[in-house]
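J.: Have a look at the structure that comes next, please.
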2 protein chains.
Amino acid sequence: MSGTSLDGIDVAICDFYPINGRLRFELLAYDEVPYPSKIKNKIQDVINNKVTIKDISQLNFALAELYSNALIQLCEKKSVSLKSINSVGVHGQTVWHNPEEEYFCGMNVASTLQLGSISAMKEKLGINVIGDFRSADVALGGQGAPLVPIFDWEFIRSENENIACVNIGGISNITYLPQNCRIADILGFDCGPGNVLLDLSAKKYFDKSCDFNGDIAKTGNLIYELLEKLMGLPFIKCDIPKSTGRELFNEQFLSEMQIHNYPPEDQLRTLTEFTAAALYKHIIELPSHIDKIYISGGGSKNSFLMERIRSILPQRIKITDTSAIGINSDAKEAICFSYLAYLHNQNLPGNVPSVTGSDKRAILGIS
Amino acid sequence: MSGTSLDGIDVAICDFYPINGRLRFELLAYDEVPYPSKIKNKIQDVINNKVTIKDISQLNFALAELYSNALIQLCEKKSVSLKSINSVGVHGQTVWHNPEEEYFCGMNVASTLQLGSISAMKEKLGINVIGDFRSADVALGGQGAPLVPIFDWEFIRSENENIACVNIGGISNITYLPQNCRIADILGFDCGPGNVLLDLSAKKYFDKSCDFNGDIAKTGNLIYELLEKLMGLPFIKCDIPKSTGRELFNEQFLSEMQIHNYPPEDQLRTLTEFTAAALYKHIIELPSHIDKIYISGGGSKNSFLMERIRSILPQRIKITDTSAIGINSDAKEAICFSYLAYLHNQNLPGNVPSVTGSDKRAILGIS
C-alpha cells in the first residue's frame, strides 16, 4: 500500500483462513519503507503536472521495483520465504483520481490512475501480482473508493453495536457498519483531509515531514473564519458517496483559501481542527447513532488531533484504536489490500456499490 | 491493435485450433476503425509532451471505451455473438517505449507504457481482457519488441526456405526465420521508419493523411546527401536486437535532419527511399541469404515504395504479400495480438529472447 500521504510503502504479509464460517487473518510481518526522496519528489511533480510522458513511464517501472524490493526485504528480515507467498496485492501510487464523468475529446470519461507496473512486479518477484483495484469500479460508474469497507465489514462488524471505522491517512475516510449489517447496508466515503494539508504546511514553514503529535498546531490559535470557509467547501457539504484526494487538497488549494495570510502555527491549528471537524460532521450525519469508532492510520498517532476529535465528538462514543481488536492500526490499509488480492483469487467481488455508487459488484484487480 | 502510425484500431476476431500437431487459425472477422480526430490529436499531444496527468488518466479510460466499442461494433456487423468470444487481447496505445536502462531518480530504469485500461475494458465487455504485453519482456531486460516473431514462427516458418517477414507500419520490422528454424534461431527487430515520416510530411505539406501510392514521392528527386545522412543514423547502424518508435522518428527528428530545407516532393521521395534502403540494409546483413519475403502492413499498399524495395533488393528474393499464404496482410498485427492472448491463456511464453534480448521467456500480458 502506498497512499496519498506519499510517506512510502506499507508492506503486510498476511495469512487468511476460515474459522467457524468466518474469515480470519494473521499478520505475519509488517514494515513501512519510506519512498526515496527523489521518488517522492518525482511523484509530487507528476501530481502537480510538472511532468513528461517519459517521467510517467519510468516512474511506473521504478515504483514496481521499489514495491518488489520492499516485499523482498521484509521477507529477508522476517525469514519468510518469498516462494511461500501465493499472491501479492499492490495498490500502486495514485497520480490521478477523477471518478466523475467529464468531457474529454468528444466523450464523457471518468478515470483513475495508479502507477507501479503489475507486469514488471510479476517478473521481478516471480509471484502472481494483483493490482489496479480501483479501475473496474470507476468503469462501472463508481467512485473507485473507498475500498476498505469490505475489509471492515468482514473483520470489524458487530451484531449489537453501530460501528464507524475511521482511517486518517492523507485523506480521512469512514466506514459505517450498523449493527448486524449486510453488505448492502455498508456506507463508506472520504470525509475530508487527514494529514495531507497538515503535512504540506509542516513542510513549507517548518521543513518537517509532519507536525509530530500536533506539537506545532497546539501552540497556534484557531482561526474561526478560516475554519468556517473550509467547512463550507462543496466537497465537505455534498452528499455521500464521495471520494477525494490530492487533486483537491493540495498546495494550490491552500493558496486559493488564502491560508498563507495567517501565522504558520495558526494555520496548523486550524487545519488540525478542520480534519477533526470534517470527521465530526460526517459521523453525526450517519443514519444511526454510533456506539464505537475504530480508528487507524497515521493521524491516529497525532495526539493533539486525537484530543480534538475526542473533545468535539459526543462523549457516549467509544473511540479506540483497531489494535484493540487485533488489527495493527498502522498496517490496516496494507492488510486490506492483501485481503482484496485474496478476494480476487477467490473470484469474489471487492467493491461495495452502496459505498462507491457503482452499478454493480465486481471482481477487482488485474493480475 | 493500435500502432505507432496512429491510424486507428484494427480488430480481428480469430479462432485458433490445432491440426496435425500444428496450430492454425481462422480469421472470422476484421475491421479497421479510425481514431476520432480529437483522440488522435490528444495521443499526439501526449507523445509530444503537451500533457497533463489528467489527460493521461482520461485517455487511458477513453481508449478502453473506443477499443471495446470497436469490438462490439464488429461483432454486430458480422453477427458474431460477443459472448462467444473467450478472451480479448489488446495492445493498447504506446505513448512511451524506452527499453534501454536510464538513470531515473537514483535508479536505473527501462520502461514501456501502453494506454487503454484493461480493467475498464473487462467491465465494459464482460469478457476476459489481456493487455500490457510488452512490460514483462522489458522488465526482463528485453526490448519488449517486436512481439510478432513468435506469430511468424508459428504460422510462416518453412522447412526448406529462409524467410523474412516484413511489416511496414509506422515503423518497419523484420522477422528472420531460417529454414527449419527453432524458436532460439529466430531474429526479429525494427529496421527503421515505415510510414511514420512519410505520413508526417504528407500531412505538413499536402494536408493528406498519407502519400497514397507514393504519388507525391514519385514526382520528387532523390537527395543523396540527405539519404546518406539518414542511413548514417546510429539506430540504422547499430547491432540487433533493436526497436524504435515515435520517440526517435518524429517531427523533431525531421527538423534536426534539416529536411525542411528541401522541396516537399524531394523530401517525400527521399524518405520513401530511406524506408526502402533501411529495409535493404538489414535484409542483406541477415545471417543467410533470404529466399522469400512475406510483406504486410500499410506500407505494402504504397506501390511506389514497393517498387523501390523490389528494385534495390536482389532479384532472386521472391517478395509476396502474406495474403498469398492465407494471412490477411492488413489484419496481420491484430491477428498476432489475438494469438498472444491465446498464448497467455495457455500459460505459454510469447516473447523470443533471441529477438528482444530479454533474460528469458515469459508469459506476456496481464488480465
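Each chain in the C-alpha cells gets a letter, A, B, ..., in the order shown, and its residues are numbered from 1; ligands are numbered from 1 in order too.
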Pull out every residue of chain B sitting within 6 Å of chain A, counting only C-alpha atoms, and send them as a list in words.
T.: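 Only these qualify: Lys38, Ile39, Asn49, Thr52, Ser57, Gln58, Phe61, Cys105, Ser111, Leu113, Ser119, Ala120, Ser135, Ala136, Ala139, Ile366 and Ser367 of chain B.
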J.: Next, write the just-selected residues to a file, as an mmCIF file, in the first residue's frame, keeping C-alpha atoms as the atom set.
T.:
```
data_model
loop_
_atom_site.group_PDB
_atom_site.id
_atom_site.type_symbol
_atom_site.label_atom_id
_atom_site.label_comp_id
_atom_site.auth_asym_id
_atom_site.auth_seq_id
_atom_site.Cartn_x
_atom_site.Cartn_y
_atom_site.Cartn_z
ATOM 1 C CA LYS B 38 -9.781 14.587 -31.241
ATOM 2 C CA ILE B 39 -8.394 11.380 -29.749
ATOM 3 C CA ASN B 49 4.716 16.052 -24.082
ATOM 4 C CA THR B 52 -1.192 16.744 -18.068
ATOM 5 C CA SER B 57 -5.598 9.164 -16.954
ATOM 6 C CA GLN B 58 -8.617 10.202 -19.047
ATOM 7 C CA PHE B 61 -10.113 5.147 -19.967
ATOM 8 C CA CYS B 105 15.569 9.310 -9.561
ATOM 9 C CA SER B 111 10.126 1.168 -19.286
ATOM 10 C CA LEU B 113 3.821 2.441 -21.480
ATOM 11 C CA SER B 119 -9.854 -3.230 -16.079
ATOM 12 C CA ALA B 120 -12.233 -0.795 -17.790
ATOM 13 C CA SER B 135 6.151 -4.815 -19.999
ATOM 14 C CA ALA B 136 7.213 -8.270 -18.806
ATOM 15 C CA ALA B 139 11.273 -5.917 -17.036
ATOM 16 C CA ILE B 366 -1.967 -9.276 -17.552
ATOM 17 C CA SER B 367 -5.709 -9.806 -17.415
#
```
J.: Counting only C-alpha atoms, what is within 12 Å of Leu200 of chain B, bar same-chain residues fewer than 6 positions away, as a list of chain:residue names?
T.: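 Near Leu200 of chain B, the qualifying residues are B:Ser5, B:Leu6, B:Gln44, B:Gly170, B:Pro193, B:Gly194, B:Phe206, B:Asp207, B:Lys208, B:Ser209, B:Cys210, B:Asp211, B:Arg246, B:Phe249, B:Asn250, B:Glu251, B:Gln252, B:Phe253, B:Leu254, B:Ser255, B:Ile259, B:His260, B:Pro264, B:Gln267, B:Leu268, B:Leu271.
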J.: Please identify which residues in segment 222-316 of chain B DSSP calls strand (DSSP E or B) from the backbone, and express them as an NGL selection string.
T.: :B and (292-296)
J.: What does the file look like for those residues with N, CA and C atoms, as a PDB file, in the first residue's frame?
T.:
```pdb
ATOM      1  N   LYS B 292      12.672 -15.736 -49.535  1.00  0.00           N
ATOM      2  CA  LYS B 292      11.332 -15.183 -49.706  1.00  0.00           C
ATOM      3  C   LYS B 292      11.051 -14.125 -48.633  1.00  0.00           C
ATOM      4  N   ILE B 293      10.414 -13.058 -49.063  1.00  0.00           N
ATOM      5  CA  ILE B 293       9.956 -12.045 -48.096  1.00  0.00           C
ATOM      6  C   ILE B 293       8.426 -12.010 -48.123  1.00  0.00           C
ATOM      7  N   TYR B 294       7.812 -12.201 -46.938  1.00  0.00           N
ATOM      8  CA  TYR B 294       6.368 -12.012 -46.810  1.00  0.00           C
ATOM      9  C   TYR B 294       6.127 -10.628 -46.241  1.00  0.00           C
ATOM     10  N   ILE B 295       5.413  -9.828 -46.978  1.00  0.00           N
ATOM     11  CA  ILE B 295       5.288  -8.428 -46.603  1.00  0.00           C
ATOM     12  C   ILE B 295       3.862  -8.128 -46.137  1.00  0.00           C
ATOM     13  N   SER B 296       3.750  -7.225 -45.174  1.00  0.00           N
ATOM     14  CA  SER B 296       2.430  -6.860 -44.643  1.00  0.00           C
ATOM     15  C   SER B 296       2.488  -5.437 -44.115  1.00  0.00           C
TER      16      SER B 296
END
```
J.: As a ChimeraX atom specification, please: the residues near Leu348 of chain A (cut-off 12 Å, only C-alpha atoms, same-chain neighbours under 2 positions excluded).
T.: /A:150,339-346,350-352,361-365
J.: Would you write out those residues with all heavy atoms, as a tab-separated table (two decimals), in the first residue's frame?
T.:
```tsv
chain	number	residue	atom	x	y	z
A	150	ILE	N	-15.20	-3.22	2.56
A	150	ILE	CA	-15.47	-4.67	2.54
A	150	ILE	C	-14.60	-5.38	3.58
A	150	ILE	O	-15.03	-6.35	4.20
A	150	ILE	CB	-15.25	-5.26	1.11
A	150	ILE	CG1	-15.75	-6.70	1.03
A	150	ILE	CG2	-13.79	-5.20	0.70
A	150	ILE	CD1	-17.25	-6.82	0.96
A	339	TYR	N	-6.10	-8.48	1.54
A	339	TYR	CA	-7.44	-9.10	1.55
A	339	TYR	C	-8.12	-8.94	0.19
A	339	TYR	O	-8.76	-9.87	-0.31
A	339	TYR	CB	-8.28	-8.47	2.67
A	339	TYR	CG	-9.73	-8.87	2.67
A	339	TYR	CD1	-10.10	-10.20	2.86
A	339	TYR	CD2	-10.73	-7.92	2.50
A	339	TYR	CE1	-11.44	-10.57	2.85
A	339	TYR	CE2	-12.07	-8.28	2.49
A	339	TYR	CZ	-12.42	-9.62	2.67
A	339	TYR	OH	-13.74	-9.98	2.66
A	340	LEU	N	-7.98	-7.77	-0.44
A	340	LEU	CA	-8.57	-7.58	-1.77
A	340	LEU	C	-7.93	-8.53	-2.79
A	340	LEU	O	-8.61	-9.03	-3.70
A	340	LEU	CB	-8.43	-6.12	-2.22
A	340	LEU	CG	-9.31	-5.11	-1.48
A	340	LEU	CD1	-8.95	-3.68	-1.86
A	340	LEU	CD2	-10.80	-5.37	-1.74
A	341	ALA	N	-6.63	-8.79	-2.64
A	341	ALA	CA	-5.98	-9.77	-3.52
A	341	ALA	C	-6.55	-11.17	-3.26
A	341	ALA	O	-6.79	-11.94	-4.19
A	341	ALA	CB	-4.46	-9.76	-3.29
A	342	TYR	N	-6.77	-11.48	-1.96
A	342	TYR	CA	-7.40	-12.76	-1.60
A	342	TYR	C	-8.78	-12.89	-2.27
A	342	TYR	O	-9.10	-13.91	-2.88
A	342	TYR	CB	-7.52	-12.85	-0.07
A	342	TYR	CG	-8.37	-13.99	0.43
A	342	TYR	CD1	-7.83	-15.25	0.66
A	342	TYR	CD2	-9.74	-13.80	0.68
A	342	TYR	CE1	-8.62	-16.30	1.11
A	342	TYR	CE2	-10.54	-14.84	1.13
A	342	TYR	CZ	-9.98	-16.09	1.34
A	342	TYR	OH	-10.76	-17.12	1.77
A	343	LEU	N	-9.59	-11.82	-2.19
A	343	LEU	CA	-10.92	-11.85	-2.82
A	343	LEU	C	-10.81	-12.07	-4.33
A	343	LEU	O	-11.57	-12.83	-4.92
A	343	LEU	CB	-11.67	-10.54	-2.54
A	343	LEU	CG	-12.16	-10.32	-1.10
A	343	LEU	CD1	-12.81	-8.94	-0.98
A	343	LEU	CD2	-13.15	-11.42	-0.68
A	344	HIS	N	-9.85	-11.37	-4.97
A	344	HIS	CA	-9.64	-11.53	-6.42
A	344	HIS	C	-9.37	-13.00	-6.75
A	344	HIS	O	-9.97	-13.56	-7.67
A	344	HIS	CB	-8.48	-10.65	-6.88
A	344	HIS	CG	-8.11	-10.82	-8.32
A	344	HIS	ND1	-8.54	-9.97	-9.31
A	344	HIS	CD2	-7.36	-11.78	-8.96
A	344	HIS	CE1	-8.08	-10.38	-10.49
A	344	HIS	NE2	-7.36	-11.46	-10.29
A	345	ASN	N	-8.49	-13.61	-5.96
A	345	ASN	CA	-8.13	-15.01	-6.23
A	345	ASN	C	-9.31	-15.96	-6.02
A	345	ASN	O	-9.37	-17.02	-6.64
A	345	ASN	CB	-6.97	-15.44	-5.33
A	345	ASN	CG	-5.65	-14.84	-5.79
A	345	ASN	OD1	-5.55	-14.36	-6.92
A	345	ASN	ND2	-4.66	-14.85	-4.92
A	346	GLN	N	-10.22	-15.56	-5.13
A	346	GLN	CA	-11.40	-16.39	-4.87
A	346	GLN	C	-12.54	-16.05	-5.84
A	346	GLN	O	-13.65	-16.55	-5.68
A	346	GLN	CB	-11.90	-16.15	-3.43
A	346	GLN	CG	-10.90	-16.44	-2.33
A	346	GLN	CD	-10.73	-17.92	-2.08
A	346	GLN	OE1	-11.70	-18.67	-2.15
A	346	GLN	NE2	-9.51	-18.36	-1.82
A	350	GLY	N	-15.00	-7.18	-4.69
A	350	GLY	CA	-14.36	-6.42	-3.62
A	350	GLY	C	-14.99	-5.06	-3.39
A	350	GLY	O	-14.82	-4.46	-2.33
A	351	ASN	N	-15.72	-4.57	-4.37
A	351	ASN	CA	-16.33	-3.24	-4.19
A	351	ASN	C	-17.70	-3.37	-3.52
A	351	ASN	O	-18.30	-4.46	-3.51
A	351	ASN	CB	-16.47	-2.53	-5.54
A	351	ASN	CG	-17.42	-3.25	-6.49
A	351	ASN	OD1	-17.63	-4.46	-6.35
A	351	ASN	ND2	-17.98	-2.53	-7.43
A	352	VAL	N	-18.16	-2.29	-2.94
A	352	VAL	CA	-19.47	-2.26	-2.29
A	352	VAL	C	-20.26	-1.13	-2.95
A	352	VAL	O	-20.00	0.04	-2.70
A	352	VAL	CB	-19.31	-2.00	-0.77
A	352	VAL	CG1	-20.68	-1.93	-0.11
A	352	VAL	CG2	-18.44	-3.07	-0.12
A	361	ARG	N	-21.55	-5.04	-8.17
A	361	ARG	CA	-20.33	-5.56	-7.58
A	361	ARG	C	-19.43	-6.08	-8.70
A	361	ARG	O	-19.89	-6.43	-9.79
A	361	ARG	CB	-20.65	-6.67	-6.58
A	361	ARG	CG	-21.57	-6.16	-5.44
A	361	ARG	CD	-21.49	-7.04	-4.22
A	361	ARG	NE	-20.20	-6.87	-3.55
A	361	ARG	CZ	-19.71	-7.70	-2.64
A	361	ARG	NH1	-20.39	-8.78	-2.29
A	361	ARG	NH2	-18.54	-7.48	-2.06
A	362	ALA	N	-18.11	-6.10	-8.45
A	362	ALA	CA	-17.16	-6.53	-9.48
A	362	ALA	C	-15.95	-7.17	-8.83
A	362	ALA	O	-15.60	-6.82	-7.69
A	362	ALA	CB	-16.71	-5.33	-10.32
A	363	ILE	N	-15.36	-8.11	-9.54
A	363	ILE	CA	-14.08	-8.66	-9.10
A	363	ILE	C	-13.03	-7.60	-9.40
A	363	ILE	O	-12.87	-7.18	-10.55
A	363	ILE	CB	-13.78	-9.98	-9.82
A	363	ILE	CG1	-14.83	-11.02	-9.44
A	363	ILE	CG2	-12.37	-10.48	-9.47
A	363	ILE	CD1	-14.86	-12.23	-10.34
A	364	LEU	N	-12.37	-7.14	-8.36
A	364	LEU	CA	-11.44	-6.01	-8.53
A	364	LEU	C	-10.03	-6.51	-8.83
A	364	LEU	O	-9.58	-7.52	-8.28
A	364	LEU	CB	-11.40	-5.16	-7.26
A	364	LEU	CG	-12.72	-4.56	-6.78
A	364	LEU	CD1	-12.48	-3.68	-5.56
A	364	LEU	CD2	-13.41	-3.78	-7.89
A	365	GLY	N	-9.34	-5.77	-9.71
A	365	GLY	CA	-7.92	-6.03	-9.93
A	365	GLY	C	-7.65	-6.83	-11.18
A	365	GLY	O	-8.51	-7.57	-11.68
```
J.: At a cut-off of 6 Å, using only C-alpha atoms, what residues contact Asp190 of chain A? Leave out same-chain residues fewer than 2 positions from it and give the result as a list of chain:residue names.
T.: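 The residues that qualify are A:Ser172, A:Asn173, A:Gly192, A:Ser243.
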J.: Selected residues, all heavy atoms, written as a PDB file, in the first residue's frame, please.
T.:
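This went into part02.pdb:
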```
ATOM      1  N   SER A 172      -9.015  11.463   5.105  1.00  0.00           N
ATOM      2  CA  SER A 172      -9.752  10.687   6.120  1.00  0.00           C
ATOM      3  C   SER A 172     -10.930   9.988   5.475  1.00  0.00           C
ATOM      4  O   SER A 172     -11.608  10.578   4.626  1.00  0.00           O
ATOM      5  CB  SER A 172     -10.317  11.615   7.198  1.00  0.00           C
ATOM      6  OG  SER A 172      -9.294  12.146   7.994  1.00  0.00           O
ATOM      7  N   ASN A 173     -11.175   8.750   5.876  1.00  0.00           N
ATOM      8  CA  ASN A 173     -12.379   8.094   5.401  1.00  0.00           C
ATOM      9  C   ASN A 173     -13.088   7.346   6.515  1.00  0.00           C
ATOM     10  O   ASN A 173     -12.497   7.022   7.552  1.00  0.00           O
ATOM     11  CB  ASN A 173     -12.089   7.195   4.202  1.00  0.00           C
ATOM     12  CG  ASN A 173     -11.106   6.101   4.533  1.00  0.00           C
ATOM     13  OD1 ASN A 173     -11.335   5.304   5.427  1.00  0.00           O
ATOM     14  ND2 ASN A 173      -9.986   6.071   3.808  1.00  0.00           N
ATOM     15  N   GLY A 192     -12.893  14.071   4.197  1.00  0.00           N
ATOM     16  CA  GLY A 192     -12.118  15.313   4.159  1.00  0.00           C
ATOM     17  C   GLY A 192     -10.642  15.006   4.263  1.00  0.00           C
ATOM     18  O   GLY A 192     -10.234  13.850   4.182  1.00  0.00           O
ATOM     19  N   SER A 243     -15.541  10.737  -2.802  1.00  0.00           N
ATOM     20  CA  SER A 243     -14.137  10.446  -2.538  1.00  0.00           C
ATOM     21  C   SER A 243     -13.313  11.619  -3.024  1.00  0.00           C
ATOM     22  O   SER A 243     -13.740  12.391  -3.880  1.00  0.00           O
ATOM     23  CB  SER A 243     -13.694   9.145  -3.220  1.00  0.00           C
ATOM     24  OG  SER A 243     -13.703   9.290  -4.615  1.00  0.00           O
TER      25      SER A 243
END
```
J.: Give me, as a VMD selection string, all polymer residues having an atom no more than 9 Å from Ile283 of chain A, counting only C-alpha atoms and skipping those fewer than 5 positions away in the same chain.
T.: chain A and resid 164 174 176 278 289 to 290 313
J.: Go ahead and save the residues from that selection, with C-alpha atoms, as a JSON list (two decimals), in the first residue's frame.
T.:
```
[["chain", "number", "residue", "atom", "x", "y", "z"],
["A", 164, "ALA", "CA", -17.65, 3.53, 12.40],
["A", 174, "ILE", "CA", -15.24, 6.49, 7.28],
["A", 176, "TYR", "CA", -20.26, 2.84, 8.64],
["A", 278, "ALA", "CA", -14.96, 17.31, 8.96],
["A", 289, "HIS", "CA", -26.03, 6.88, 16.47],
["A", 290, "ILE", "CA", -22.54, 5.45, 16.52],
["A", 313, "LEU", "CA", -17.50, 14.12, 19.34]]
```
J.: One decimal, in Å: what's the spacing between atom CA of Gly126 of chain A and atom CA of Ile85 of chain A?
T.: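 Atom-to-atom, atom CA of Gly126 of chain A to atom CA of Ile85 of chain A, that is 10.2 Å.
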J.: I'd like to know which residues of segment 95-265 of chain B are alpha helix (DSSP H) (by DSSP, run on the backbone); could you write them as a ChimeraX atom specification?
T.: /B:118-125,135-139,149-156,196-206,224-231,234-237,251-256,264-265
J.: Compile the contact shell of Ser354 of chain A as a list in words: residues with an atom at most 12 Å away, counting only C-alpha atoms, same-chain residues fewer than 5 positions apart removed.
T.: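 Near Ser354 of chain A, the qualifying residues are Asp137, Gly142, Gln143, Gly144, Ala145, Pro146, Leu147, Pro149, Ile150, Thr175, Tyr176, Leu177, Arg182, Ile183, Ala184, Asp185, Ile186, Leu187, Gly188, Phe189, Ile240, Pro241, Lys242, Asp359, Lys360 and Arg361 of chain A.
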J.: If I take atom CA of Thr270 of chain B and atom CA of Tyr224 of chain B, how far is one from the other in Å, to one decimal?
T.: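 Taking atom CA of Thr270 of chain B as the start and atom CA of Tyr224 of chain B as the end point, the length is 7.8 Å.
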J.: Provide the atom CA of Phe151 of chain A to atom CA of Ile335 of chain A distance in Å, to one decimal place.
T.: 8.8 Å
